[in-house]
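K.L.:
Coordinates in model_2.txt, compact mmCIF, C-alpha atoms, are listed below.
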```txt
# COMPACT_ATOMS: atom_id res chain seq x y z
CA ILE A 397 -9.26 3.44 -37.95
CA ALA A 398 -10.82 0.55 -36.02
CA TYR A 399 -8.33 -1.92 -37.44
CA GLY A 400 -5.32 0.41 -37.54
CA ALA A 401 -5.71 1.77 -34.00
CA PRO A 402 -8.05 -0.66 -32.23
CA ARG A 403 -7.10 0.29 -28.67
CA ALA A 404 -7.76 3.99 -29.20
CA PHE A 405 -10.96 3.22 -31.10
CA VAL A 406 -12.28 1.03 -28.29
CA GLU A 407 -11.18 3.35 -25.49
CA GLN A 408 -12.78 6.39 -27.11
CA LEU A 409 -15.95 4.93 -28.60
CA LEU A 410 -17.02 1.80 -26.70
CA PRO A 411 -18.32 3.78 -23.69
CA HIS A 412 -20.51 5.82 -26.03
CA MET A 413 -21.81 2.71 -27.78
CA LEU A 414 -22.74 1.07 -24.48
CA GLU A 415 -24.44 4.27 -23.33
CA ILE A 416 -26.46 4.41 -26.55
CA ALA A 417 -27.54 0.80 -25.98
CA ARG A 418 -28.46 1.58 -22.37
CA ARG A 419 -30.53 4.63 -23.30
CA ASN A 420 -32.38 2.74 -26.02
CA ALA A 421 -32.99 -0.53 -24.17
CA HIS A 422 -36.50 -1.96 -24.23
CA GLN A 423 -37.32 -4.41 -21.49
CA GLU A 424 -40.45 -5.59 -23.31
CA TRP A 425 -38.35 -6.72 -26.32
CA SER A 426 -36.02 -8.69 -24.14
CA GLY A 427 -36.27 -12.33 -23.26
CA GLY A 428 -34.30 -14.09 -20.60
CA ASP A 429 -31.25 -12.43 -19.10
CA VAL A 430 -30.33 -9.96 -21.85
CA LEU A 431 -31.65 -6.52 -22.80
CA LEU A 432 -32.28 -5.58 -26.42
CA ASP A 433 -32.07 -2.03 -27.70
CA THR A 434 -33.74 -0.17 -30.56
CA VAL A 435 -30.45 0.76 -32.23
CA TRP A 436 -28.63 -2.57 -32.57
CA GLY A 437 -31.27 -5.01 -31.31
CA MET A 438 -31.70 -6.72 -34.69
CA HIS A 439 -28.71 -8.08 -36.59
CA PHE A 440 -28.69 -8.73 -40.32
CA PHE A 441 -25.71 -10.60 -41.72
CA GLY A 442 -23.52 -8.33 -43.84
CA ALA A 443 -25.91 -5.38 -43.59
CA HIS A 444 -23.97 -2.14 -43.25
CA THR A 445 -26.35 0.23 -45.00
CA GLN A 446 -26.51 2.84 -42.26
CA LEU A 447 -23.93 4.69 -40.19
CA LYS A 448 -25.02 2.86 -37.03
CA ASP A 449 -24.32 -0.49 -38.74
CA ALA A 450 -20.91 0.63 -39.96
CA PHE A 451 -20.06 1.87 -36.46
CA TYR A 452 -21.08 -1.47 -34.95
CA ALA A 453 -19.08 -3.44 -37.52
CA ALA A 454 -16.06 -1.21 -36.90
CA MET A 455 -16.31 -1.83 -33.15
CA GLU A 456 -16.45 -5.56 -33.82
CA ASN A 457 -13.33 -5.30 -36.02
CA ALA A 458 -11.51 -3.24 -33.39
CA LEU A 459 -12.30 -5.76 -30.64
CA ARG A 460 -11.20 -8.66 -32.83
CA ALA A 461 -7.91 -6.89 -33.64
CA LEU A 462 -7.41 -6.06 -29.98
CA ALA A 463 -7.96 -9.69 -28.96
CA GLN A 464 -5.20 -10.76 -31.33
CA ARG A 465 -2.70 -7.93 -30.83
CA GLU A 466 -3.21 -6.89 -27.19
CA PRO A 467 -4.96 -9.77 -25.43
CA ASP A 468 -4.16 -8.49 -21.92
CA PHE A 469 -5.87 -5.17 -22.62
CA ALA A 470 -8.66 -6.94 -24.50
CA GLU A 471 -9.31 -9.04 -21.40
CA THR A 472 -10.13 -5.91 -19.37
CA VAL A 473 -12.49 -4.71 -22.12
CA PHE A 474 -14.10 -8.16 -22.30
CA GLU A 475 -14.73 -8.09 -18.54
CA ARG A 476 -16.65 -4.85 -19.00
CA LEU A 477 -18.67 -6.28 -21.88
CA ARG A 478 -19.36 -9.45 -19.93
CA SER A 479 -20.87 -7.53 -17.03
CA ASP A 480 -23.06 -5.37 -19.29
CA PRO A 481 -26.69 -6.59 -19.52
CA HIS A 482 -27.23 -5.55 -23.16
CA GLU A 483 -27.17 -7.87 -26.15
CA THR A 484 -25.16 -5.23 -28.02
CA ALA A 485 -22.28 -5.81 -25.59
CA TRP A 486 -22.65 -9.60 -25.60
CA PHE A 487 -22.59 -9.83 -29.38
CA LEU A 488 -19.34 -7.82 -29.44
CA LEU A 489 -17.92 -9.93 -26.61
CA ALA A 490 -18.62 -13.15 -28.51
CA ARG A 491 -16.87 -11.79 -31.60
CA GLY A 492 -13.91 -10.66 -29.51
CA TYR A 493 -13.54 -14.01 -27.77
CA GLU A 494 -13.79 -15.81 -31.09
CA ALA A 495 -10.91 -13.76 -32.56
CA ASN A 496 -8.38 -15.37 -30.19
CA PRO A 497 -9.78 -18.71 -29.03
CA GLU A 498 -6.39 -20.02 -27.88
CA ARG A 499 -6.25 -17.25 -25.27
CA PHE A 500 -9.91 -16.85 -24.35
CA ALA A 501 -11.33 -20.38 -24.72
CA ASP A 502 -11.91 -21.07 -21.03
CA ASP A 503 -13.28 -17.58 -20.36
CA ALA A 504 -15.66 -17.88 -23.30
CA ALA A 505 -16.81 -21.39 -22.34
CA ASP A 506 -17.38 -20.22 -18.76
CA TRP A 507 -19.40 -17.21 -19.98
CA LEU A 508 -21.52 -19.37 -22.30
CA THR A 509 -22.15 -21.84 -19.46
CA GLU A 510 -23.04 -19.22 -16.87
CA THR A 511 -25.09 -16.94 -19.13
CA PRO A 512 -27.94 -18.73 -20.93
CA GLY A 513 -28.73 -15.64 -23.04
CA ALA A 514 -25.23 -15.84 -24.52
CA LEU A 515 -26.29 -19.04 -26.27
CA HIS A 516 -28.88 -17.15 -28.30
CA LEU A 517 -26.76 -14.60 -30.17
CA GLY A 518 -27.14 -14.41 -33.90
CA TYR A 519 -28.80 -12.82 -36.88
CA SER A 520 -32.43 -12.29 -37.81
CA ASP A 521 -32.40 -15.45 -39.96
CA ALA A 522 -29.97 -17.50 -37.84
CA SER A 523 -30.69 -16.72 -34.21
CA HIS A 524 -27.87 -18.83 -32.73
CA TRP A 525 -25.16 -18.29 -35.34
CA ILE A 526 -22.78 -16.02 -33.39
CA SER A 527 -22.98 -18.33 -30.37
CA ARG A 528 -22.44 -21.31 -32.66
CA GLU A 529 -19.32 -19.76 -34.21
CA LEU A 530 -17.92 -19.00 -30.76
CA ILE A 531 -18.56 -22.56 -29.58
CA ALA A 532 -16.87 -23.96 -32.69
CA ALA A 533 -13.81 -21.79 -32.07
CA VAL A 534 -13.38 -22.35 -28.33
CA THR A 535 -14.18 -26.06 -28.02
CA ARG A 536 -10.96 -26.87 -29.83
CA HIS A 537 -8.94 -25.10 -27.13
CA CYS A 538 -10.79 -25.05 -23.81
CA SER A 539 -9.95 -27.28 -20.88
CA GLN A 540 -11.78 -30.57 -20.49
CA THR A 541 -13.51 -29.27 -17.36
CA GLN A 542 -14.87 -26.23 -19.18
CA LEU A 543 -15.84 -28.35 -22.18
CA ASP A 544 -17.80 -30.75 -19.98
CA ARG A 545 -19.61 -27.85 -18.29
CA LEU A 546 -20.43 -26.27 -21.66
CA ILE A 547 -21.78 -29.51 -23.13
CA ALA A 548 -23.91 -30.03 -20.01
CA ALA A 549 -25.35 -26.52 -20.53
CA LEU A 550 -26.07 -27.23 -24.19
CA ILE A 551 -27.81 -30.57 -23.70
CA HIS A 552 -31.55 -29.87 -23.34
CA TYR A 553 -30.96 -26.14 -23.99
CA ALA A 554 -34.03 -24.27 -25.23
CA PRO A 555 -34.20 -20.51 -25.79
CA PRO A 556 -37.25 -18.68 -24.40
CA PHE A 557 -39.26 -18.93 -27.65
CA GLU A 558 -38.83 -22.71 -27.90
CA ARG A 559 -40.37 -22.98 -24.41
CA THR A 560 -43.60 -21.31 -25.49
CA HIS A 561 -46.66 -22.97 -26.98
CA GLN A 562 -45.99 -21.24 -30.34
CA GLY A 563 -42.36 -22.36 -30.32
CA LEU A 564 -43.04 -25.99 -29.44
CA ARG A 565 -42.60 -27.13 -33.06
CA GLN A 566 -39.10 -25.66 -33.10
CA ARG A 567 -38.08 -27.22 -29.81
CA GLY A 568 -34.59 -28.68 -30.10
CA TYR A 569 -33.43 -26.48 -32.98
CA GLY A 570 -31.23 -24.28 -30.75
CA GLU A 571 -29.81 -27.29 -28.94
CA LEU A 572 -28.95 -29.09 -32.20
CA CYS A 573 -27.43 -25.98 -33.77
CA LEU A 574 -25.15 -25.37 -30.79
CA LEU A 575 -24.21 -28.99 -30.08
CA ASN A 576 -23.18 -29.43 -33.72
CA ALA A 577 -20.64 -26.65 -33.18
CA VAL A 578 -18.71 -28.62 -30.55
CA ASP A 579 -15.44 -29.82 -32.03
CA ALA A 580 -16.15 -33.31 -33.42
CA ASP A 581 -12.96 -34.76 -31.92
CA ARG A 582 -13.95 -33.59 -28.43
CA ARG A 583 -17.64 -34.52 -28.34
CA SER A 584 -18.67 -36.70 -25.46
CA PRO A 585 -20.79 -39.82 -25.95
CA ALA A 586 -23.72 -37.89 -24.43
```
For the structure just supplied, provide its representation as structure tokens.
P.N.:
Amino acid sequence: IAYGAPRAFVEQLLPHMLEIARRNAHQEWSGGDVLLDTVWGMHFFGAHTQLKDAFYAAMENALRALAQREPDFAETVFERLRSDPHETAWFLLARGYEANPERFADDAADWLTETPGALHLGYSDASHWISRELIAAVTRHCSQTQLDRLIAALIHYAPPFERTHQGLRQRGYGELCLLNAVDADRRSPA
């Protein structure tokens, strides 16, 4: 249903998903500028063992299909996701932007630049992977101005954990992971 009728799927079910995330948000789990929730706060690659996981994956598929088939409508949905403070929304937004990088490259690069928490989206064993995939997709297509801003945001980037005493040994891992995603033909000397 999510792939066959993505607009209806998103219109009917996304508000409920965002409300579930809002009701289950835990400030104490959150770091930086994003709120985690108890339902979808931990992502495991390819894990769809429960109904909640299948629902989340279906929403991701619907948003990706929408970005490709109805980008104007998708843009309005993406604006809503972008203004939502929950990681659940941001993860879906990143996947939606990535599905049509030719159309959304500048918007995605702007969001990544302006929202430091958007640089730390990923899975339990690869905490930057979703952000990395988005950067790889959009840096091929974004304007030079947006690319320069994004690279400036990535240089010396450190997620909250890498700025702690316990995370000092991992300092630079997030920065390296994300900078390596920048299209090799468009990397600046810096």
K.L.:
With a distance cut-off of 9 Å and only C-alpha atoms, select the neighbouring residues of Leu517 of chain A, excluding the residue or stretch itself and same-chain residues fewer than 6 positions from it, and output the selection as number ranges by chain.
P.N.:
A: 483, 486-487, 490, 523-528
K.L.:
Write out as a PyMOL selection string the residues lying within 9 Å of Ala398 of chain A, counting only C-alpha atoms and excluding same-chain residues fewer than 4 positions away.
P.N.:
chain A and resi 402-406+454-459+461
K.L.:
Which is closest to Asp503 of chain A among A:Leu462, A:Leu488, A:Leu546, A:Asp581, if we use only C-alpha atoms?
P.N.:
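With only C-alpha atoms as the atom set, the closest residue is A:Leu546.
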K.L.:
From the set A:Arg476, A:Pro467, A:Ala522, A:Val534, which residue has the shortest atom-to-atom contact distance to Val578 of chain A, counting only C-alpha atoms?
P.N.:
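Answer, going by the shortest atom-to-atom distance: A:Val534.
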K.L.:
Dump as an mmCIF file with C-alpha atoms, keeping the file's coordinate frame all residues having an atom at most 9 Å from (-20.5, -25.3, -26.8), computed in the file's coordinates with all atoms listed in the file.
P.N.:
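Ended up saving to point19.cif:
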```cif
data_model
loop_
_atom_site.group_PDB
_atom_site.id
_atom_site.type_symbol
_atom_site.label_atom_id
_atom_site.label_comp_id
_atom_site.auth_asym_id
_atom_site.auth_seq_id
_atom_site.Cartn_x
_atom_site.Cartn_y
_atom_site.Cartn_z
ATOM 1 C CA ALA A 505 -16.810 -21.390 -22.340
ATOM 2 C CA LEU A 508 -21.520 -19.370 -22.300
ATOM 3 C CA THR A 509 -22.150 -21.840 -19.460
ATOM 4 C CA LEU A 515 -26.290 -19.040 -26.270
ATOM 5 C CA SER A 527 -22.980 -18.330 -30.370
ATOM 6 C CA ARG A 528 -22.440 -21.310 -32.660
ATOM 7 C CA LEU A 530 -17.920 -19.000 -30.760
ATOM 8 C CA ILE A 531 -18.560 -22.560 -29.580
ATOM 9 C CA ALA A 532 -16.870 -23.960 -32.690
ATOM 10 C CA VAL A 534 -13.380 -22.350 -28.330
ATOM 11 C CA THR A 535 -14.180 -26.060 -28.020
ATOM 12 C CA LEU A 543 -15.840 -28.350 -22.180
ATOM 13 C CA ARG A 545 -19.610 -27.850 -18.290
ATOM 14 C CA LEU A 546 -20.430 -26.270 -21.660
ATOM 15 C CA ILE A 547 -21.780 -29.510 -23.130
ATOM 16 C CA ALA A 548 -23.910 -30.030 -20.010
ATOM 17 C CA ALA A 549 -25.350 -26.520 -20.530
ATOM 18 C CA LEU A 550 -26.070 -27.230 -24.190
ATOM 19 C CA LEU A 574 -25.150 -25.370 -30.790
ATOM 20 C CA LEU A 575 -24.210 -28.990 -30.080
ATOM 21 C CA ASN A 576 -23.180 -29.430 -33.720
ATOM 22 C CA ALA A 577 -20.640 -26.650 -33.180
ATOM 23 C CA VAL A 578 -18.710 -28.620 -30.550
ATOM 24 C CA ASP A 579 -15.440 -29.820 -32.030
#
```
K.L.:
Any idea what's packed within 8 Å of Gly513 of chain A, counting only C-alpha atoms, ignoring anything in its chain fewer than 2 positions away? Could you give it as a list in words?
P.N.:
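Final neighbour list, sorted by chain and number: Gly428, Asp429, Val430, Thr511, Leu515, His516, Leu517 and Pro555 of chain A.
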